[in-house]
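**Student:** One file: data-v1.pdb (PDB, C-alpha atoms and all ligand atoms).
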```
MODEL        1
ATOM      1  CA  MET O 233      92.047  71.835 137.447
ATOM      2  CA  GLN O 234      90.010  69.886 134.990
ATOM      3  CA  ARG O 235      90.549  71.210 131.541
ATOM      4  CA  GLN O 236      89.532  68.352 129.380
ATOM      5  CA  ALA O 237      85.903  69.212 128.982
ATOM      6  CA  PHE O 238      86.605  72.824 128.205
ATOM      7  CA  GLU O 239      89.444  72.144 125.840
ATOM      8  CA  TRP O 240      87.510  73.672 122.968
ATOM      9  CA  LEU O 241      87.096  76.890 124.866
ATOM     10  CA  ARG O 242      90.715  77.633 125.365
ATOM     11  CA  PRO O 243      91.669  81.095 124.131
ATOM     12  CA  ARG O 244      94.015  81.508 121.281
ATOM     13  CA  PRO O 245      97.463  82.694 122.342
ATOM     14  CA  ALA O 246      97.718  86.454 122.308
ATOM     15  CA  SER O 247      99.517  87.988 119.353
ATOM     16  CA  GLU O 248     102.240  90.585 119.821
ATOM     17  CA  GLU O 249      99.739  93.264 118.874
ATOM     18  CA  GLU O 250      97.268  91.987 121.437
ATOM     19  CA  ARG O 251      99.924  91.960 124.118
ATOM     20  CA  ARG O 252     100.938  95.490 123.226
ATOM     21  CA  LEU O 253      97.363  96.738 123.292
ATOM     22  CA  ARG O 254      96.653  94.914 126.502
ATOM     23  CA  ALA O 255      99.692  96.386 128.155
ATOM     24  CA  SER O 256      98.534  99.861 127.207
ATOM     25  CA  ALA O 257      94.857  99.291 127.873
ATOM     26  CA  PRO O 258      93.575 102.168 129.956
ATOM     27  CA  ALA O 259      90.674 100.480 131.582
ATOM     28  CA  PRO O 260      91.104  97.200 133.350
ATOM     29  CA  GLY O 261      94.530  97.889 134.720
ATOM     30  CA  ARG O 262      94.962  94.196 135.220
ATOM     31  CA  GLU O 263      97.197  91.713 133.524
ATOM     32  CA  PRO O 264      96.366  88.045 133.188
ATOM     33  CA  GLY O 265      98.020  85.789 135.689
ATOM     34  CA  PRO O 266     101.169  83.953 134.607
ATOM     35  CA  GLY O 267     100.436  81.166 132.207
ATOM     36  CA  LYS O 268      96.700  81.734 132.296
ATOM     37  CA  GLU O 269      96.189  81.956 128.606
ATOM     38  CA  GLU O 270      97.788  78.609 128.061
ATOM     39  CA  ARG O 271      95.763  76.717 130.562
ATOM     40  CA  LEU O 272      92.473  78.438 130.737
ATOM     41  CA  THR O 273      89.403  78.238 128.663
ATOM     42  CA  ARG O 274      87.627  80.786 126.629
ATOM     43  CA  ASN O 275      83.964  80.551 126.669
ATOM     44  CA  ALA O 276      82.948  79.070 129.965
ATOM     45  CA  HIS O 277      82.277  82.573 131.137
ATOM     46  CA  ALA O 278      79.794  83.179 128.439
ATOM     47  CA  TYR O 279      77.289  81.249 130.490
ATOM     48  CA  THR O 280      75.384  83.923 132.250
ATOM     49  CA  ILE O 281      71.889  85.279 132.562
ATOM     50  CA  ALA O 282      70.074  87.697 134.726
ATOM     51  CA  VAL O 283      67.767  86.320 137.356
ATOM     52  CA  GLY O 284      67.214  89.634 139.068
ATOM     53  CA  GLY O 285      63.929  91.469 139.302
ATOM     54  CA  ARG O 286      63.095  94.745 137.690
ATOM     55  CA  GLY O 287      62.013  97.920 139.405
ATOM     56  CA  ASN O 288      59.175 100.137 138.238
ATOM     57  CA  ASN O 289      61.471 101.902 135.819
ATOM     58  CA  GLY O 290      62.440  98.586 134.255
ATOM     59  CA  ALA O 291      65.966  98.696 135.629
ATOM     60  CA  VAL O 292      67.485  95.449 136.820
ATOM     61  CA  GLU O 293      67.597  95.527 140.614
ATOM     62  CA  GLY O 294      69.865  92.595 141.118
ATOM     63  CA  THR O 295      71.291  89.738 139.146
ATOM     64  CA  ALA O 296      72.735  86.337 139.811
ATOM     65  CA  TYR O 297      76.085  88.047 139.975
ATOM     66  CA  ASP O 298      75.300  89.708 143.268
ATOM     67  CA  ALA O 299      75.821  86.452 145.149
ATOM     68  CA  ILE O 300      79.309  85.993 143.725
ATOM     69  CA  ALA O 301      80.381  89.638 143.614
ATOM     70  CA  ARG O 302      83.606  88.878 145.442
ATOM     71  CA  LEU O 303      84.352  85.941 143.148
ATOM     72  CA  TYR O 304      83.736  87.827 139.908
ATOM     73  CA  ASP O 305      87.198  89.265 139.322
ATOM     74  CA  PRO O 306      89.164  86.107 140.202
ATOM     75  CA  TRP O 307      86.609  84.048 138.271
ATOM     76  CA  SER O 308      87.006  86.133 135.120
ATOM     77  CA  ARG O 309      90.673  87.024 135.324
ATOM     78  CA  SER O 310      91.662  84.727 132.445
ATOM     79  CA  VAL O 311      89.179  86.361 130.102
ATOM     80  CA  THR O 312      91.544  88.801 128.469
ATOM     81  CA  GLU O 313      91.326  87.793 124.817
ATOM     82  CA  ASP O 314      88.573  90.329 124.139
ATOM     83  CA  ILE O 315      90.142  93.325 125.835
ATOM     84  CA  PRO O 316      92.503  94.521 123.056
ATOM     85  CA  PHE O 317      89.613  94.231 120.585
ATOM     86  CA  TYR O 318      87.263  96.409 122.607
ATOM     87  CA  VAL O 319      89.989  98.854 123.565
ATOM     88  CA  GLU O 320      90.817  99.278 119.868
ATOM     89  CA  GLU O 321      87.128  99.881 119.108
ATOM     90  CA  ALA O 322      86.931 102.454 121.889
ATOM     91  CA  ARG O 323      89.998 104.284 120.650
ATOM     92  CA  ARG O 324      88.579 104.320 117.139
ATOM     93  CA  ALA O 325      85.362 105.881 118.389
ATOM     94  CA  GLU O 326      87.246 108.889 119.776
ATOM     95  CA  GLY O 327      84.416 109.800 122.067
ATOM     96  CA  PRO O 328      82.340 108.546 124.950
ATOM     97  CA  VAL O 329      81.682 104.799 125.172
ATOM     98  CA  VAL O 330      78.736 103.169 126.883
ATOM     99  CA  GLU O 331      79.199  99.619 128.091
ATOM    100  CA  LEU O 332      76.047  97.590 128.652
ATOM    101  CA  GLY O 333      76.214  95.179 131.571
ATOM    102  CA  VAL O 334      79.341  96.903 132.792
ATOM    103  CA  GLY O 335      79.906  94.502 135.646
ATOM    104  CA  THR O 336      82.902  95.485 137.729
ATOM    105  CA  GLY O 337      84.218  97.703 134.953
ATOM    106  CA  ARG O 338      86.533  95.025 133.614
ATOM    107  CA  MET O 339      86.410  96.486 130.066
ATOM    108  CA  VAL O 340      86.578 100.344 129.864
ATOM    109  CA  ASP O 341      86.287 103.188 132.270
ATOM    110  CA  GLY O 342      84.250 106.217 131.676
ATOM    111  CA  PRO O 343      82.525 107.739 128.824
ATOM    112  CA  VAL O 344      82.405 107.655 125.003
ATOM    113  CA  PRO O 345      79.877 107.317 119.856
ATOM    114  CA  LEU O 346      80.259 103.613 120.724
ATOM    115  CA  VAL O 347      78.167 101.167 122.707
ATOM    116  CA  ILE O 348      79.767  97.864 123.600
ATOM    117  CA  CYS O 349      78.450  94.772 125.277
ATOM    118  CA  PRO O 350      81.431  92.523 125.968
ATOM    119  CA  PHE O 351      81.728  89.094 127.503
ATOM    120  CA  ARG O 352      78.584  87.663 125.916
ATOM    121  CA  SER O 353      76.498  89.733 128.279
ATOM    122  CA  TYR O 354      73.761  90.190 125.691
ATOM    123  CA  LEU O 355      72.954  86.527 126.215
ATOM    124  CA  HIS O 356      71.532  87.535 129.562
ATOM    125  CA  LEU O 357      68.477  88.647 127.711
ATOM    126  CA  GLN O 358      66.076  85.736 127.560
ATOM    127  CA  ASN O 359      63.688  86.558 124.773
ATOM    128  CA  ASP O 360      63.237  88.718 121.702
ATOM    129  CA  ARG O 361      61.178  91.264 123.577
ATOM    130  CA  GLU O 362      64.096  91.978 125.931
ATOM    131  CA  ARG O 363      66.625  91.832 123.126
ATOM    132  CA  ARG O 364      64.672  94.297 120.986
ATOM    133  CA  ARG O 365      64.112  96.621 123.903
ATOM    134  CA  ALA O 366      67.823  96.766 124.630
ATOM    135  CA  LEU O 367      68.674  97.193 120.940
ATOM    136  CA  GLY O 368      66.197 100.073 120.776
ATOM    137  CA  ALA O 369      67.926 101.718 123.723
ATOM    138  CA  VAL O 370      71.312 101.285 122.061
ATOM    139  CA  ARG O 371      69.985 102.626 118.791
ATOM    140  CA  ARG O 372      68.736 105.772 120.526
ATOM    141  CA  LEU O 373      72.152 106.326 122.100
ATOM    142  CA  LEU O 374      74.045 106.249 118.835
ATOM    143  CA  PRO O 375      74.628 109.060 116.347
ATOM    144  CA  ALA O 376      74.394 108.249 112.646
ATOM    145  CA  ASP O 377      78.056 107.239 112.560
ATOM    146  CA  GLY O 378      78.006 105.434 115.888
ATOM    147  CA  ARG O 379      78.472 101.718 116.364
ATOM    148  CA  PHE O 380      77.311  98.909 118.579
ATOM    149  CA  VAL O 381      79.835  96.136 119.144
ATOM    150  CA  PHE O 382      79.066  92.961 121.068
ATOM    151  CA  ASP O 383      80.043  89.326 121.209
ATOM    152  CA  VAL O 384      77.926  86.219 121.601
ATOM    153  CA  PHE O 385      78.281  82.508 121.174
ATOM    154  CA  ALA O 386      76.233  79.493 120.149
ATOM    155  CA  PRO O 387      77.596  76.166 121.417
ATOM    156  CA  ALA O 388      78.420  73.202 119.213
ATOM    157  CA  ASP O 389      76.866  69.831 119.984
ATOM    158  CA  ASP O 390      80.113  68.152 120.956
ATOM    159  CA  ASP O 391      80.969  70.969 123.318
ATOM    160  CA  ILE O 392      77.645  70.546 125.020
ATOM    161  CA  ALA O 393      78.162  66.823 125.347
ATOM    162  CA  GLU O 394      81.579  67.316 126.915
ATOM    163  CA  THR O 395      80.564  69.788 129.578
ATOM    164  CA  ASN O 396      76.940  69.053 130.349
ATOM    165  CA  GLY O 397      76.129  68.538 134.028
ATOM    166  CA  ARG O 398      79.736  68.402 135.230
ATOM    167  CA  TRP O 399      81.346  70.487 137.957
ATOM    168  CA  LEU O 400      84.608  71.835 136.573
ATOM    169  CA  GLU O 401      87.208  73.907 138.329
ATOM    170  CA  ARG O 402      87.421  77.094 136.352
ATOM    171  CA  GLU O 403      89.934  78.851 138.561
ATOM    172  CA  PRO O 404      91.549  77.521 141.691
ATOM    173  CA  GLY O 405      88.731  77.119 144.171
ATOM    174  CA  ILE O 406      86.051  78.377 141.766
ATOM    175  CA  PHE O 407      83.815  75.773 140.182
ATOM    176  CA  GLU O 408      81.292  75.888 137.369
ATOM    177  CA  ARG O 409      78.630  73.537 136.186
ATOM    178  CA  ALA O 410      76.899  73.932 132.837
ATOM    179  CA  ASP O 411      73.456  72.470 132.200
ATOM    180  CA  TRP O 412      72.448  72.890 128.614
ATOM    181  CA  ASP O 413      68.929  72.798 127.246
ATOM    182  CA  THR O 414      69.299  72.454 123.531
ATOM    183  CA  ALA O 415      65.557  72.550 122.853
ATOM    184  CA  ALA O 416      65.111  75.866 124.656
ATOM    185  CA  ARG O 417      68.614  76.984 123.647
ATOM    186  CA  THR O 418      69.431  78.015 127.171
ATOM    187  CA  LEU O 419      72.288  77.261 129.454
ATOM    188  CA  THR O 420      72.001  77.204 133.217
ATOM    189  CA  LEU O 421      75.339  77.901 134.798
ATOM    190  CA  SER O 422      76.106  77.367 138.431
ATOM    191  CA  VAL O 423      79.165  78.941 139.960
ATOM    192  CA  ARG O 424      80.465  78.300 143.443
ATOM    193  CA  GLY O 425      83.490  79.141 145.484
ATOM    194  CA  GLU O 426      84.870  77.194 148.365
ATOM    195  CA  GLY O 427      82.819  79.084 150.923
ATOM    196  CA  ASP O 428      79.121  79.722 150.729
ATOM    197  CA  GLU O 429      79.267  81.953 147.670
ATOM    198  CA  THR O 430      77.195  80.337 144.997
ATOM    199  CA  THR O 431      74.895  81.332 142.202
ATOM    200  CA  THR O 432      72.958  79.962 139.284
ATOM    201  CA  MET O 433      72.490  81.889 136.080
ATOM    202  CA  SER O 434      70.915  81.230 132.762
ATOM    203  CA  LEU O 435      71.841  82.332 129.296
ATOM    204  CA  ALA O 436      69.996  82.116 125.988
ATOM    205  CA  TRP O 437      71.660  81.831 122.614
ATOM    206  CA  LEU O 438      70.551  82.482 119.030
ATOM    207  CA  SER O 439      71.869  81.540 115.619
ATOM    208  CA  PRO O 440      73.909  84.110 113.699
ATOM    209  CA  LEU O 441      71.031  84.484 111.247
ATOM    210  CA  GLU O 442      68.690  85.350 114.095
ATOM    211  CA  TRP O 443      71.107  87.923 115.499
ATOM    212  CA  ARG O 444      71.367  89.488 112.064
ATOM    213  CA  MET O 445      67.604  89.666 111.706
ATOM    214  CA  LEU O 446      67.136  91.148 115.157
ATOM    215  CA  LEU O 447      69.732  93.804 114.474
ATOM    216  CA  GLU O 448      68.300  94.702 111.105
ATOM    217  CA  GLU O 449      64.739  94.802 112.403
ATOM    218  CA  SER O 450      65.937  97.092 115.186
ATOM    219  CA  GLY O 451      67.338  99.682 112.798
ATOM    220  CA  PHE O 452      70.917  98.518 112.448
ATOM    221  CA  GLU O 453      72.992  97.456 109.535
ATOM    222  CA  ILE O 454      75.862  95.034 109.894
ATOM    223  CA  GLU O 455      79.298  96.483 109.387
ATOM    224  CA  ALA O 456      81.134  93.276 110.267
ATOM    225  CA  CYS O 457      80.713  89.918 111.893
ATOM    226  CA  PHE O 458      83.922  88.387 113.172
ATOM    227  CA  GLY O 459      84.560  84.874 114.371
ATOM    228  CA  TRP O 460      87.156  85.991 116.860
ATOM    229  CA  PHE O 461      88.630  89.097 118.451
ATOM    230  CA  ASP O 462      91.513  89.118 115.978
ATOM    231  CA  ARG O 463      88.837  90.164 113.421
ATOM    232  CA  THR O 464      88.855  86.898 111.526
ATOM    233  CA  PRO O 465      85.621  86.919 109.520
ATOM    234  CA  TYR O 466      82.883  84.737 110.971
ATOM    235  CA  SER O 467      82.846  81.354 109.266
ATOM    236  CA  GLY O 468      80.508  79.199 111.273
ATOM    237  CA  GLY O 469      82.159  78.753 114.680
ATOM    238  CA  GLU O 470      80.723  79.176 118.158
ATOM    239  CA  ASP O 471      81.812  82.776 118.615
ATOM    240  CA  ALA O 472      80.416  85.766 116.793
ATOM    241  CA  ILE O 473      81.452  89.365 117.298
ATOM    242  CA  TRP O 474      79.038  91.823 115.771
ATOM    243  CA  VAL O 475      79.783  95.371 114.656
ATOM    244  CA  ALA O 476      76.545  97.171 113.807
ATOM    245  CA  ARG O 477      75.746 100.754 112.958
ATOM    246  CA  PRO O 478      72.502 102.673 112.596
ATOM    247  CA  ALA O 479      70.912 101.904 109.248
ATOM    248  CA  GLU O 480      70.523 104.812 106.913
ATOM    249  CA  ARG O 481      66.952 106.011 107.015
TER     250      ARG O 481
HETATM  251  C1  LIG O 501      79.391  88.357 131.989
HETATM  252  S1  LIG O 501      79.160  89.788 132.950
HETATM  253  C2  LIG O 501      80.086  90.938 131.985
HETATM  254  C3  LIG O 501      80.527  92.130 132.787
HETATM  255  C4  LIG O 501      81.452  93.081 132.031
HETATM  256  N1  LIG O 501      80.798  93.635 130.822
HETATM  257  C5  LIG O 501      82.715  92.377 131.645
HETATM  258  O1  LIG O 501      83.020  92.325 130.433
HETATM  259  O2  LIG O 501      83.412  91.917 132.523
HETATM  260  C6  LIG O 501      77.490  90.226 132.595
HETATM  261  C7  LIG O 501      77.023  91.507 133.263
HETATM  262  O3  LIG O 501      75.705  91.793 132.779
HETATM  263  C8  LIG O 501      74.912  92.275 133.870
HETATM  264  N2  LIG O 501      73.514  91.995 133.549
HETATM  265  C9  LIG O 501      72.912  90.811 133.534
HETATM  266  N3  LIG O 501      71.632  90.940 133.156
HETATM  267  C10 LIG O 501      71.424  92.239 132.902
HETATM  268  C11 LIG O 501      70.307  92.995 132.466
HETATM  269  N4  LIG O 501      69.139  92.415 132.209
HETATM  270  N5  LIG O 501      70.450  94.326 132.329
HETATM  271  C12 LIG O 501      71.643  94.912 132.582
HETATM  272  N6  LIG O 501      72.749  94.247 132.983
HETATM  273  C13 LIG O 501      72.627  92.922 133.143
HETATM  274  C14 LIG O 501      75.417  91.497 135.057
HETATM  275  O4  LIG O 501      75.131  92.134 136.266
HETATM  276  C15 LIG O 501      76.909  91.455 134.780
HETATM  277  O5  LIG O 501      77.544  92.581 135.316
ENDMDL
END
```
Can you give me the file's structure in the form of structure tokens?
Ligand SMILES: C[S@@+](CC[C@H](N)C(=O)[O-])C[C@H]1O[C@@H](n2cnc3c(N)ncnc32)[C@H](O)[C@@H]1O
**Tutor:**
Amino acid sequence: MQRQAFEWLRPRPASEEERRLRASAPAPGREPGPGKEERLTRNAHAYTIAVGGRGNNGAVEGTAYDAIARLYDPWSRSVTEDIPFYVEEARRAEGPVVELGVGTGRMVDGPVPLVICPFRSYLHLQNDRERRRALGAVRRLLPADGRFVFDVFAPADDDIAETNGRWLEREPGIFERADWDTAARTLTLSVRGEGDETTTMSLAWLSPLEWRMLLEESGFEIEACFGWFDRTPYSGGEDAIWVARPAER
């Protein structure tokens, strides 16, 4: 396991509260493997983007994930740092929750005045047209007191330099390679297992100011922007966790 290049991505150790919430989390029903939090990285999994086509109704018919469907759960099993945060949000909402880009259902099961988009999935959207369209759909789903909660990242230059173009073993037998395009602000991520399962995805990032503007232009107001899932206020790091609610008309 090569960890050097992803050193910056390593998750913070879980607090007691996080462990308690995780243990009682209703949805994923899965605990991290022994020692995972200590040796695994945080953000490598943020690198994803849809390459699937769209049907006549605009729905995504397939994504780069299809090719690694069997690898997805082992690939993402160390990504647990966000679960207590989203579970807490879901409990607070006391109603149905919609998860965008639900994947294998890693985050929450079933319904609920909250829309979430965990695991940097919003970065799958490649341009402002797609981002606005999705925000409009979220906005229409939410009542006046509803909330949209999602997390994104924007890489730092030194992180890019450390990981660019290198195959790294993310999990035993599962490798990733990140190719960053800082001019386009996109990341192409390749993932492969030991067999013939392989895929290439792309992800597009924005600055926090741009996220704020997009949200506000799409009829949201910002309730909070955290820098991590422990609700530390955002102060300029790579991660940003947005809590937005419909703006008062
Ligand atoms: C990083 S995974 C996150 C999955 C899940 N939310 C989780 O936390 O484990 C991103 C998910 O977004 C989905 N996705 C990608 N592009 C999408 C799009 N344009 N519309 C809807 N879902 C998309 C993928 O199929 C995948 O399930």
**Student:** With distances taken over only C-alpha atoms and all ligand atoms, which of O:Glu331, O:Glu321, O:Asp391, O:Glu408 is nearest to ligand LIG 501 (chain O)?
**Tutor:**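 Comparing O:Glu331, O:Glu321, O:Asp391, O:Glu408 against ligand LIG 501 (chain O), the winner is O:Glu331.
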**Student:** From the list O:Gly333, O:Gly378, O:Gly327, O:Pro478, which residue is nearest ligand LIG 501 (chain O) when using all atoms listed in the file?
**Tutor:**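 Of O:Gly333, O:Gly378, O:Gly327, O:Pro478, the one nearest ligand LIG 501 (chain O), counting all atoms listed in the file, is O:Gly333.
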**Student:** Determine, counting all atoms listed in the file, which protein, DNA and RNA residues have an atom within 9 Å of an atom of Arg364 in chain O; residues of the same chain fewer than 4 positions away are not included. Present the result as a PyMOL selection string.
**Tutor:** chain O and resi 359-360+368-369+446-447+449-450
**Student:** I'd like the residues picked by the PyMOL selection byres (((chain O and resi 418) around 6) and not hetatm) written out as a count of residues only, using the chain letters and numbers from the file.
**Tutor:** 6
**Student:** Tell me which of O:Val381, O:Leu355, O:Met433, O:Leu400 sits closest to Thr295 in chain O, counting all atoms listed in the file.
**Tutor:**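 Ranked by minimum distance to Thr295 in chain O, first place goes to O:Met433.
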**Student:** Fewer than 6 positions away in the same chain doesn't count, so skip those; otherwise give me all residues within 10 Å of range 440-442 of chain O, counting only C-alpha atoms, as a compact mmCIF listing (two decimals) with C-alpha atoms, keeping the file's coordinate frame.
**Tutor:**
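The new file selection-v1.txt reads:
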```
# COMPACT_ATOMS: atom_id res chain seq x y z
CA ASP O 360 63.24 88.72 121.70
CA VAL O 384 77.93 86.22 121.60
CA PHE O 385 78.28 82.51 121.17
CA ALA O 386 76.23 79.49 120.15
CA GLU O 448 68.30 94.70 111.10
CA CYS O 457 80.71 89.92 111.89
CA TYR O 466 82.88 84.74 110.97
CA GLY O 468 80.51 79.20 111.27
CA GLY O 469 82.16 78.75 114.68
CA GLU O 470 80.72 79.18 118.16
CA ASP O 471 81.81 82.78 118.62
CA ALA O 472 80.42 85.77 116.79
CA ILE O 473 81.45 89.36 117.30
CA TRP O 474 79.04 91.82 115.77
```
**Student:** Could you check the closest approach to ligand LIG 501 (chain O) for each of O:Phe407, O:Phe317, O:Phe382, O:Phe351 and tell me which residue wins, using all atoms listed in the file?
**Tutor:**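 Nearest candidate to ligand LIG 501 (chain O) out of O:Phe407, O:Phe317, O:Phe382, O:Phe351: O:Phe351.
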**Student:** Box time for ligand LIG 501 (chain O): axis-aligned, enclosing all its listed atoms, 3 Å extra on each side; report centre and edge lengths in Å to one decimal, as JSON.
**Tutor:**
```
{"center_x": 76.3, "center_y": 91.6, "center_z": 133.3, "size_x": 20.3, "size_y": 12.6, "size_z": 11.8}
```
**Student:** Calculated over only C-alpha atoms and all ligand atoms, which of the candidates O:Ser434, O:Gly405, O:Trp412, O:Thr395 has the smallest distance to ligand LIG 501 (chain O)?
**Tutor:**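 Smallest distance to ligand LIG 501 (chain O) is found for O:Ser434.
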**Student:** Using all atoms listed in the file, which of O:Pro387, O:Leu373, O:Pro350, O:Gly427 sits nearest Ala410 in chain O?
**Tutor:** O:Pro387
**Student:** Expand the PyMOL selection byres (((chain O and resi 481) around 10) and not hetatm) into the individual residues it matches in the shown file, reporting them as a CSV table (one decimal) with C-alpha atoms, in the coordinates of the input.
**Tutor:**
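Just written: expr02.csv:
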```csv
chain,number,residue,atom,x,y,z
O,376,ALA,CA,74.4,108.2,112.6
O,451,GLY,CA,67.3,99.7,112.8
O,478,PRO,CA,72.5,102.7,112.6
O,479,ALA,CA,70.9,101.9,109.2
O,480,GLU,CA,70.5,104.8,106.9
```
**Student:** One decimal, Å: what's the distance from CA of Val347 in chain O over to CA of Phe380 in chain O, could you say?
**Tutor:** 4.8 Å
**Student:** Suppose you want the space between CA of Val340 in chain O and CA of Gly459 in chain O; what is it in Å?
**Tutor:** 22.0 Å
**Student:** In Å, rounded to a single decimal, give me how far CA of Ile348 in chain O is from CA of Arg371 in chain O.
**Tutor:**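 Between these atoms lies a distance of 11.9 Å.
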